[in-house]
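> Next up is a structure, given as structure tokens.
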2 protein chains.
Amino acid sequence: MKAVVTIMLKNGVLDPQGKAIGHALNNLGFPQVGEVRAGKIIELELTETDRAMAQAAVEDMANKLLANTVIESFKVEIVG
Amino acid sequence: MKAVVTIMLKNGVLDPQGKAIGHALNNLGFPQVGEVRAGKIIELELTETDRAMAQAAVEDMANKLLANTVIESFKVEIVG
């Protein structure tokens, strides 16, 4: 069973990496680019076979280690 | 119009960040975690209104700046 955790900075938290990417794209000839946000994606292979158990375990992992919940929000998807 | 670019290391490319996350999770009491891969996600706000044009432009951005296509693969999604 495979899980995908997507971690983004919360709205309102300054994202200097995203800003830098946005400016670089504008300067590279892409004036249509406005706000840019950068985040992380983590793919996990699990030996767990129960979908609900896997979802709960990965949410626990995200809260404990993968995301900094003070400034980041996360989304867990079980992709089969 | 919003685009999401997902960038992952290609299969076969060593991913030390993923390995470190995997080991940390195992040590933290999640023995069900096997292989872990870490990647990046970039959300772009575009002034472009045509879906196909937006897709083409963002693929161009990914090839030129966002991804290192020697070691990384990317996926572009236009999310409305």
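Ordering of the structure tokens sets the chain letters (A, B, ...); residue numbers start at 1 within each chain; ligands are numbered from 1 in the order shown.
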Neighbours of stretch 74-77 of chain A within 6 Å (only C-alpha atoms; same-chain residues fewer than 6 positions away dropped), as number ranges by chain?

A: 3-7

> Can you pull out the residues contacting B:Ile42? Cut-off 10 Å, using only C-alpha atoms, and skip same-chain residues under 2 positions away; I want them as a PyMOL selection string.

(chain A and resi 8+17-18+21+36-41) or (chain B and resi 3-7+40+44+62+66+76)

> Give me, please, the distance in Å between atom CA of A:Met61 and atom CA of A:Val13, quoted to one decimal.

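Result for atom CA of A:Met61 versus atom CA of A:Val13: 22.4 Å, one decimal.
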
> Go through B:Val70, B:Ala52, B:Met1, B:Val33 one by one, measure the shortest atom-to-atom distance of each to chain A using only C-alpha atoms, and give the residue with the smallest value.

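Of all the options, B:Val33 lies closest to chain A.
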
> Grab the atom CA of B:Phe30 to atom CA of B:Asn11 distance for me, in Å with one decimal place.

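Separation of atom CA of B:Phe30 and atom CA of B:Asn11: 24.1 Å.
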